[in-house]
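Novice: Let me give you the structure first, and then I'll get to my questions.
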Amino acid sequence: MEVVSGVALAGLGTGLAVYVARTSRTERQRELLREAFKIGLLIALPFAVAAGAAGYLFNEALTGARLGAGVVALAAAVGWIGVIPGLVGSLWQGQQRRELLLAFACVSAVLSLAAAGLAQSPGVLVALLVAQAVPALVVLFIARPADTAGRFRSRSHPLKRYVLPSIAIGLLSPASALVARAAVGDALSWHDAGVLQALWRLSDWVGGFAGGVLSFYFLPQLAASGQGARFRTVLRTAAKTTLVPAALVLGVCCVVQGPLLGILYSDEFRATDTTAVLVFIGAWVRIASWVAMFGLYAQRRTIALAAGEFLSLPLFAALAVAAGTRLTLEMVGVFWLLSYCAYLAFNWWAVRRT
């Protein structure tokens, strides 16, 4: 579901927020949203069809026959429908309507919790999928008929420039994560892969919060600030606001990672101090690279966004696969840090180019 919707939302949704933030005219913002619906649903559709078909043709390989083909097809359909509320959220993000975003997130969470709590055991997964699709009904209240002709022609609409990074990020990130986990599981053990996943999950809590601040608070400001001194000031403020607290929290995670993994997962989940330090430093570098990445989004540097994506998770997965049976947990930490150092260097070089 996330792969199908991510193909449209990873780049196109952010691009919509950028263009909405650059105009205060309501009719222009609605025209941008309508065009985003057309582009997003169109590019996500073949991936939804392919995912649904794969659930029927390769069910054993994909799910170990633990999920019915119909459930996989439903998940693909819900992922396609999920493009709609995702783009509406991007509209509100560009408008800086944070109260609407918060309320919408709360309603969506309540629907999922109710589905999980009320559904009977055999059908709980289907109920959760349906609950994920319900928020798409928000389009009935948002997308009104066009009052005037759009400013842009569909075939040359500026939002189309975000299709390339959208597909690149939406596909490469989840695919690379799967490849990397498989490489660790094959070279070491699936227990070690679980330990790494637990470390990544801890760092994702910090990264997710920092990414949310960058996306929902600073991205609209960057998009509206132009390309001069004001842009650089906002970018520096974004870096200070996210990187200093992230360093402190990730430092605490390094110190208490052993007991924390035991509380959250299992006493059997133990990582060496070296591995934990490398993973958490890499997570901090990752956040630093996101500061520049959102600057690139605001500058509409879509080629650089797509090219840089190959230096993040795809590079990490390639290094893990290349190591083969020589792979260790410490090597995984080194590869994680090196990959995001390369991503950081590229993004900051790209964002500083005139």
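Lettering and numbering for the structure tokens are positional, with chains as A, B, ... in the shown order, residues counted from 1 in each chain, and ligands counted from 1 in the shown order.
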May I have the residues within 12 Å of A:Val107 as a list in words, using only C-alpha atoms and disregarding those fewer than 4 positions away in the same chain?

Specialist: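 Close residues of A:Val107: Leu100, Leu101, Leu102, Ala103, Leu111, Ser112, Leu113, Ala114, Ala131, Gln132, Val134, Pro135, Ala136 and Val138 of chain A.
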
Novice: Please dump the current selection as an mmCIF file, in the first residue's frame; keep N, CA, C and O atoms.

Specialist:
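Contents of the output file result13.cif:
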data_model
loop_
_atom_site.group_PDB
_atom_site.id
_atom_site.type_symbol
_atom_site.label_atom_id
_atom_site.label_comp_id
_atom_site.auth_asym_id
_atom_site.auth_seq_id
_atom_site.Cartn_x
_atom_site.Cartn_y
_atom_site.Cartn_z
ATOM 1 N N LEU A 100 -5.643 21.751 10.408
ATOM 2 C CA LEU A 100 -6.360 20.774 9.596
ATOM 3 C C LEU A 100 -5.557 19.481 9.465
ATOM 4 O O LEU A 100 -6.113 18.378 9.521
ATOM 5 N N LEU A 101 -4.245 19.600 9.278
ATOM 6 C CA LEU A 101 -3.401 18.416 9.171
ATOM 7 C C LEU A 101 -3.455 17.592 10.453
ATOM 8 O O LEU A 101 -3.553 16.359 10.416
ATOM 9 N N LEU A 102 -3.414 18.261 11.599
ATOM 10 C CA LEU A 102 -3.451 17.560 12.871
ATOM 11 C C LEU A 102 -4.797 16.872 13.075
ATOM 12 O O LEU A 102 -4.867 15.703 13.476
ATOM 13 N N ALA A 103 -5.880 17.589 12.769
ATOM 14 C CA ALA A 103 -7.210 17.006 12.929
ATOM 15 C C ALA A 103 -7.403 15.810 12.005
ATOM 16 O O ALA A 103 -7.955 14.773 12.401
ATOM 17 N N LEU A 111 -9.937 6.023 13.155
ATOM 18 C CA LEU A 111 -10.556 5.042 12.259
ATOM 19 C C LEU A 111 -9.779 3.726 12.267
ATOM 20 O O LEU A 111 -10.376 2.639 12.340
ATOM 21 N N SER A 112 -8.460 3.808 12.197
ATOM 22 C CA SER A 112 -7.640 2.595 12.185
ATOM 23 C C SER A 112 -7.747 1.845 13.519
ATOM 24 O O SER A 112 -7.861 0.612 13.547
ATOM 25 N N LEU A 113 -7.704 2.584 14.629
ATOM 26 C CA LEU A 113 -7.821 1.939 15.939
ATOM 27 C C LEU A 113 -9.183 1.286 16.113
ATOM 28 O O LEU A 113 -9.296 0.184 16.653
ATOM 29 N N ALA A 114 -10.235 1.960 15.645
ATOM 30 C CA ALA A 114 -11.575 1.381 15.750
ATOM 31 C C ALA A 114 -11.691 0.123 14.913
ATOM 32 O O ALA A 114 -12.283 -0.881 15.347
ATOM 33 N N ALA A 131 -10.398 0.981 6.503
ATOM 34 C CA ALA A 131 -10.262 2.195 7.310
ATOM 35 C C ALA A 131 -9.218 3.137 6.722
ATOM 36 O O ALA A 131 -9.352 4.365 6.811
ATOM 37 N N GLN A 132 -8.182 2.590 6.091
ATOM 38 C CA GLN A 132 -7.170 3.418 5.446
ATOM 39 C C GLN A 132 -7.722 4.132 4.214
ATOM 40 O O GLN A 132 -7.226 5.186 3.820
ATOM 41 N N VAL A 134 -10.986 5.137 3.831
ATOM 42 C CA VAL A 134 -12.070 6.078 4.155
ATOM 43 C C VAL A 134 -11.642 7.546 4.104
ATOM 44 O O VAL A 134 -12.393 8.397 3.609
ATOM 45 N N PRO A 135 -10.429 7.910 4.590
ATOM 46 C CA PRO A 135 -10.056 9.333 4.544
ATOM 47 C C PRO A 135 -10.061 9.951 3.152
ATOM 48 O O PRO A 135 -10.071 11.181 3.030
ATOM 49 N N ALA A 136 -10.068 9.129 2.100
ATOM 50 C CA ALA A 136 -10.128 9.682 0.743
ATOM 51 C C ALA A 136 -11.421 10.448 0.499
ATOM 52 O O ALA A 136 -11.499 11.272 -0.419
ATOM 53 N N VAL A 138 -12.430 12.820 1.995
ATOM 54 C CA VAL A 138 -12.205 14.254 2.209
ATOM 55 C C VAL A 138 -12.240 15.023 0.899
ATOM 56 O O VAL A 138 -12.520 16.224 0.868
#

Novice: Leaving out A:Ala345 and any residue of its chain fewer than 4 positions from it, which residues lie within 8 Å of it when counting only C-alpha atoms, given as a list in words?

Specialist: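 Counting only C-alpha atoms, the residues come to Ser289, Cys341 and Trp349 of chain A.
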
Novice: Please, could you write that set of residues out with N, CA, C and O atoms as a PDB file, in the first residue's frame?

Specialist:
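What ended up in part.pdb:
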ATOM      1  N   SER A 289      21.104  15.672   5.749  1.00  0.00           N
ATOM      2  CA  SER A 289      20.925  15.619   4.294  1.00  0.00           C
ATOM      3  C   SER A 289      19.500  16.000   3.904  1.00  0.00           C
ATOM      4  O   SER A 289      19.276  16.547   2.815  1.00  0.00           O
ATOM      5  N   CYS A 341      26.674  10.059   4.320  1.00  0.00           N
ATOM      6  CA  CYS A 341      27.667  11.121   4.138  1.00  0.00           C
ATOM      7  C   CYS A 341      27.738  11.519   2.667  1.00  0.00           C
ATOM      8  O   CYS A 341      27.830  12.715   2.335  1.00  0.00           O
ATOM      9  N   TRP A 349      25.952  20.235  -1.913  1.00  0.00           N
ATOM     10  CA  TRP A 349      26.583  20.782  -3.130  1.00  0.00           C
ATOM     11  C   TRP A 349      25.521  21.253  -4.117  1.00  0.00           C
ATOM     12  O   TRP A 349      25.629  22.342  -4.688  1.00  0.00           O
TER      13      TRP A 349
END

Novice: Quick one: residues within 7 Å of A:Phe316, only C-alpha atoms, excluding same-chain residues fewer than 4 positions away - as an MDAnalysis selection string?

Specialist: chainID A and resid 312 320 335:336 339

Novice: Please, which residues in stretch 255-325 of chain A fall within 9 Å of stretch 17-37 of chain A when counting only C-alpha atoms, and what is the closest atom pair and distance in Å to one decimal for each, ordered by chain then residue number, as a Markdown table?

Specialist:
| residue | atom | partner | partner_atom | distance |
| --- | --- | --- | --- | --- |
| A:Tyr297 | CA | A:Val18 | CA | 7.3 |
| A:Ala298 | CA | A:Val18 | CA | 5.9 |
| A:Gln299 | CA | A:Val18 | CA | 8.8 |
| A:Arg300 | CA | A:Val18 | CA | 8.2 |

Novice: Considering only C-alpha atoms, can you say which of A:Phe269, A:Phe58, A:Phe294, A:Trp92 comes closest to A:Gln197?

Specialist: A:Phe269

Novice: In Å to one decimal, how far is atom CA of A:Gly94 from atom CA of A:Ser166?

Specialist: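 The value is 17.4 Å.
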
Novice: Hey, can you check how far atom CA of A:Ala193 sits from atom CA of A:Ala246?

Specialist: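 Spanning atom CA of A:Ala193 to atom CA of A:Ala246 is a straight-line distance of 24.5 Å.
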
Novice: Pick out the closest residue to A:Ala77 from this set: A:Val291, A:Ala8, A:Ala44, A:Cys106. Count only C-alpha atoms.

Specialist: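 Residue with the minimum atom-to-atom distance to A:Ala77: A:Ala44.
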
Novice: Grab the atom CA of A:Ser121 to atom CA of A:Glu268 distance for me, in Å with one decimal place.

Specialist: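 Distance between the two atoms: 29.0 Å.
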
Novice: What lies within 8 Å of A:Thr302 using only C-alpha atoms, ignoring chain neighbours under 2 positions off, as a list in words?

Specialist: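 My list of contacting residues is Arg161, Tyr162, Leu164, Pro165, Leu296, Tyr297, Arg300, Ala304, Leu305 and Ala306 of chain A.
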
Novice: Please provide the set of residues having any atom within 8 Å of A:Leu235, restricted to only C-alpha atoms, with same-chain residues fewer than 4 positions apart removed, written as an MDAnalysis selection string.

Specialist: chainID A and resid 222 231 239 291:292 295

Novice: Please produce an output containing C-alpha atoms for each residue in the selection, written as a PDB file, in the first residue's frame.

Specialist:
ATOM      1  CA  LEU A 222      11.595  27.828   1.907  1.00  0.00           C
ATOM      2  CA  PHE A 231      16.198  31.366   1.453  1.00  0.00           C
ATOM      3  CA  ALA A 239      19.284  23.166  10.181  1.00  0.00           C
ATOM      4  CA  VAL A 291      17.613  19.793   5.324  1.00  0.00           C
ATOM      5  CA  ALA A 292      19.337  20.262   1.965  1.00  0.00           C
ATOM      6  CA  GLY A 295      15.900  23.061   0.021  1.00  0.00           C
TER       7      GLY A 295
END

Novice: If you run DSSP on the backbone, which residues of stretch 132-290 of chain A are helix (DSSP H, G or I), as a PDB file with C-alpha atoms, in the first residue's frame?

Specialist:
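Wrote it out as result15.pdb, contents follow:
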ATOM      1  CA  GLN A 132      -7.170   3.418   5.446  1.00  0.00           C
ATOM      2  CA  ALA A 133      -9.314   4.129   2.375  1.00  0.00           C
ATOM      3  CA  VAL A 134     -12.070   6.078   4.155  1.00  0.00           C
ATOM      4  CA  PRO A 135     -10.056   9.333   4.544  1.00  0.00           C
ATOM      5  CA  ALA A 136     -10.128   9.682   0.743  1.00  0.00           C
ATOM      6  CA  LEU A 137     -13.711  10.921   1.182  1.00  0.00           C
ATOM      7  CA  VAL A 138     -12.205  14.254   2.209  1.00  0.00           C
ATOM      8  CA  VAL A 139     -12.009  14.988  -1.513  1.00  0.00           C
ATOM      9  CA  LEU A 140     -15.784  15.511  -1.511  1.00  0.00           C
ATOM     10  CA  PHE A 141     -15.288  18.601   0.636  1.00  0.00           C
ATOM     11  CA  ILE A 142     -12.060  19.878  -0.937  1.00  0.00           C
ATOM     12  CA  SER A 154      -1.954  19.675 -18.633  1.00  0.00           C
ATOM     13  CA  ARG A 155       0.818  18.533 -20.958  1.00  0.00           C
ATOM     14  CA  SER A 156       3.191  21.270 -19.763  1.00  0.00           C
ATOM     15  CA  PRO A 158       4.928  22.550 -13.836  1.00  0.00           C
ATOM     16  CA  LEU A 159       3.939  19.822 -11.354  1.00  0.00           C
ATOM     17  CA  LYS A 160       5.030  17.257 -13.948  1.00  0.00           C
ATOM     18  CA  ARG A 161       8.654  18.050 -13.168  1.00  0.00           C
ATOM     19  CA  TYR A 162       8.148  16.222  -9.844  1.00  0.00           C
ATOM     20  CA  VAL A 163       7.134  12.934 -11.483  1.00  0.00           C
ATOM     21  CA  LEU A 164      10.771  11.782 -11.902  1.00  0.00           C
ATOM     22  CA  PRO A 165      11.833  12.215  -8.250  1.00  0.00           C
ATOM     23  CA  SER A 166       8.456  10.892  -7.128  1.00  0.00           C
ATOM     24  CA  ILE A 167       8.944   7.581  -8.903  1.00  0.00           C
ATOM     25  CA  ALA A 168      12.650   7.402  -8.015  1.00  0.00           C
ATOM     26  CA  ILE A 169      12.126   8.004  -4.296  1.00  0.00           C
ATOM     27  CA  GLY A 170       8.849   6.081  -4.062  1.00  0.00           C
ATOM     28  CA  LEU A 171      10.368   2.939  -5.567  1.00  0.00           C
ATOM     29  CA  LEU A 172      14.064   3.020  -4.678  1.00  0.00           C
ATOM     30  CA  SER A 173      13.688   3.630  -0.935  1.00  0.00           C
ATOM     31  CA  PRO A 174      11.390   0.697  -0.044  1.00  0.00           C
ATOM     32  CA  ALA A 175      13.068  -1.629  -2.566  1.00  0.00           C
ATOM     33  CA  SER A 176      16.532  -0.798  -1.213  1.00  0.00           C
ATOM     34  CA  ALA A 177      15.397  -1.339   2.376  1.00  0.00           C
ATOM     35  CA  LEU A 178      14.108  -4.804   1.439  1.00  0.00           C
ATOM     36  CA  VAL A 179      17.355  -5.690  -0.352  1.00  0.00           C
ATOM     37  CA  ALA A 180      19.499  -4.468   2.550  1.00  0.00           C
ATOM     38  CA  ARG A 181      17.521  -6.457   5.134  1.00  0.00           C
ATOM     39  CA  ALA A 182      17.728  -9.564   2.949  1.00  0.00           C
ATOM     40  CA  ALA A 183      21.508  -9.119   2.571  1.00  0.00           C
ATOM     41  CA  VAL A 184      21.968  -8.879   6.343  1.00  0.00           C
ATOM     42  CA  GLY A 185      19.666 -11.836   6.938  1.00  0.00           C
ATOM     43  CA  ASP A 186      21.491 -14.016   4.415  1.00  0.00           C
ATOM     44  CA  ALA A 187      25.034 -13.054   5.432  1.00  0.00           C
ATOM     45  CA  TRP A 190      17.548 -12.884  10.563  1.00  0.00           C
ATOM     46  CA  HIS A 191      17.982 -12.208  14.274  1.00  0.00           C
ATOM     47  CA  ASP A 192      20.779  -9.755  13.416  1.00  0.00           C
ATOM     48  CA  ALA A 193      18.548  -8.253  10.743  1.00  0.00           C
ATOM     49  CA  GLY A 194      15.915  -7.779  13.451  1.00  0.00           C
ATOM     50  CA  VAL A 195      18.431  -6.070  15.750  1.00  0.00           C
ATOM     51  CA  LEU A 196      19.366  -3.653  12.968  1.00  0.00           C
ATOM     52  CA  GLN A 197      15.700  -3.057  12.204  1.00  0.00           C
ATOM     53  CA  ALA A 198      15.152  -2.189  15.868  1.00  0.00           C
ATOM     54  CA  LEU A 199      18.043   0.313  15.784  1.00  0.00           C
ATOM     55  CA  TRP A 200      16.687   1.850  12.591  1.00  0.00           C
ATOM     56  CA  ARG A 201      13.238   2.082  14.156  1.00  0.00           C
ATOM     57  CA  LEU A 202      14.652   3.966  17.143  1.00  0.00           C
ATOM     58  CA  SER A 203      16.447   6.395  14.849  1.00  0.00           C
ATOM     59  CA  ASP A 204      13.330   6.686  12.679  1.00  0.00           C
ATOM     60  CA  TRP A 205      11.383   8.082  15.631  1.00  0.00           C
ATOM     61  CA  VAL A 206      13.884  10.928  15.841  1.00  0.00           C
ATOM     62  CA  GLY A 207      14.181  11.274  12.072  1.00  0.00           C
ATOM     63  CA  GLY A 208      10.428  11.183  11.581  1.00  0.00           C
ATOM     64  CA  PHE A 209       9.920  14.041  14.016  1.00  0.00           C
ATOM     65  CA  ALA A 210      12.722  16.089  12.434  1.00  0.00           C
ATOM     66  CA  GLY A 211      11.405  15.310   8.949  1.00  0.00           C
ATOM     67  CA  GLY A 212       7.949  16.438   9.983  1.00  0.00           C
ATOM     68  CA  VAL A 213       9.306  19.751  11.256  1.00  0.00           C
ATOM     69  CA  LEU A 214      11.234  20.255   8.011  1.00  0.00           C
ATOM     70  CA  SER A 215       8.314  19.258   5.827  1.00  0.00           C
ATOM     71  CA  PHE A 216       5.349  20.889   7.521  1.00  0.00           C
ATOM     72  CA  TYR A 217       6.990  23.946   9.035  1.00  0.00           C
ATOM     73  CA  PHE A 218      10.054  24.910   7.006  1.00  0.00           C
ATOM     74  CA  LEU A 219       9.279  23.664   3.479  1.00  0.00           C
ATOM     75  CA  PRO A 220       6.475  26.211   2.847  1.00  0.00           C
ATOM     76  CA  GLN A 221       8.750  28.976   4.168  1.00  0.00           C
ATOM     77  CA  LEU A 222      11.595  27.828   1.907  1.00  0.00           C
ATOM     78  CA  ALA A 223       9.277  27.670  -1.097  1.00  0.00           C
ATOM     79  CA  ALA A 224       7.964  31.188  -0.485  1.00  0.00           C
ATOM     80  CA  ALA A 229      19.393  35.729   1.250  1.00  0.00           C
ATOM     81  CA  ARG A 230      15.989  34.947   2.748  1.00  0.00           C
ATOM     82  CA  PHE A 231      16.198  31.366   1.453  1.00  0.00           C
ATOM     83  CA  ARG A 232      19.633  30.855   2.992  1.00  0.00           C
ATOM     84  CA  THR A 233      18.438  32.305   6.308  1.00  0.00           C
ATOM     85  CA  VAL A 234      15.464  29.940   6.479  1.00  0.00           C
ATOM     86  CA  LEU A 235      17.694  26.999   5.515  1.00  0.00           C
ATOM     87  CA  ARG A 236      20.171  27.815   8.311  1.00  0.00           C
ATOM     88  CA  THR A 237      17.312  28.163  10.804  1.00  0.00           C
ATOM     89  CA  ALA A 238      15.890  24.815   9.696  1.00  0.00           C
ATOM     90  CA  ALA A 239      19.284  23.166  10.181  1.00  0.00           C
ATOM     91  CA  LYS A 240      19.750  24.585  13.684  1.00  0.00           C
ATOM     92  CA  THR A 241      16.180  23.801  14.742  1.00  0.00           C
ATOM     93  CA  THR A 242      16.389  20.138  13.751  1.00  0.00           C
ATOM     94  CA  LEU A 243      20.037  19.095  14.015  1.00  0.00           C
ATOM     95  CA  VAL A 244      20.820  20.285  17.548  1.00  0.00           C
ATOM     96  CA  PRO A 245      17.851  18.518  19.240  1.00  0.00           C
ATOM     97  CA  ALA A 246      18.342  15.453  17.017  1.00  0.00           C
ATOM     98  CA  ALA A 247      21.990  15.191  18.088  1.00  0.00           C
ATOM     99  CA  LEU A 248      20.997  15.339  21.759  1.00  0.00           C
ATOM    100  CA  VAL A 249      18.244  12.723  21.481  1.00  0.00           C
ATOM    101  CA  LEU A 250      20.302  10.362  19.314  1.00  0.00           C
ATOM    102  CA  GLY A 251      23.188  10.749  21.782  1.00  0.00           C
ATOM    103  CA  VAL A 252      20.908   9.612  24.602  1.00  0.00           C
ATOM    104  CA  CYS A 253      19.766   6.685  22.439  1.00  0.00           C
ATOM    105  CA  CYS A 254      23.418   5.672  21.994  1.00  0.00           C
ATOM    106  CA  VAL A 255      23.942   5.601  25.755  1.00  0.00           C
ATOM    107  CA  VAL A 256      20.789   3.668  26.668  1.00  0.00           C
ATOM    108  CA  GLN A 257      20.277   1.612  23.498  1.00  0.00           C
ATOM    109  CA  GLY A 258      20.753  -1.718  25.321  1.00  0.00           C
ATOM    110  CA  PRO A 259      18.029  -1.290  27.967  1.00  0.00           C
ATOM    111  CA  LEU A 260      15.830   0.574  25.477  1.00  0.00           C
ATOM    112  CA  LEU A 261      15.890  -2.277  22.949  1.00  0.00           C
ATOM    113  CA  GLY A 262      15.115  -4.703  25.769  1.00  0.00           C
ATOM    114  CA  ILE A 263      12.093  -2.688  26.893  1.00  0.00           C
ATOM    115  CA  LEU A 264      10.720  -2.071  23.404  1.00  0.00           C
ATOM    116  CA  ASP A 273      28.179  -0.222  21.086  1.00  0.00           C
ATOM    117  CA  THR A 274      30.122   0.342  17.852  1.00  0.00           C
ATOM    118  CA  THR A 275      27.173  -0.696  15.698  1.00  0.00           C
ATOM    119  CA  ALA A 276      24.741   1.477  17.647  1.00  0.00           C
ATOM    120  CA  VAL A 277      27.011   4.539  17.485  1.00  0.00           C
ATOM    121  CA  LEU A 278      27.526   4.145  13.728  1.00  0.00           C
ATOM    122  CA  VAL A 279      23.777   3.717  13.091  1.00  0.00           C
ATOM    123  CA  PHE A 280      22.806   6.721  15.224  1.00  0.00           C
ATOM    124  CA  ILE A 281      25.506   8.992  13.778  1.00  0.00           C
ATOM    125  CA  GLY A 282      24.351   7.905  10.332  1.00  0.00           C
ATOM    126  CA  ALA A 283      20.791   8.786  11.331  1.00  0.00           C
ATOM    127  CA  TRP A 284      21.936  12.290  12.306  1.00  0.00           C
ATOM    128  CA  VAL A 285      23.765  12.715   8.993  1.00  0.00           C
ATOM    129  CA  ARG A 286      20.589  11.521   7.276  1.00  0.00           C
ATOM    130  CA  ILE A 287      18.581  14.318   8.924  1.00  0.00           C
ATOM    131  CA  ALA A 288      21.251  16.829   7.881  1.00  0.00           C
ATOM    132  CA  SER A 289      20.925  15.619   4.294  1.00  0.00           C
ATOM    133  CA  TRP A 290      17.142  16.112   4.501  1.00  0.00           C
TER     134      TRP A 290
END
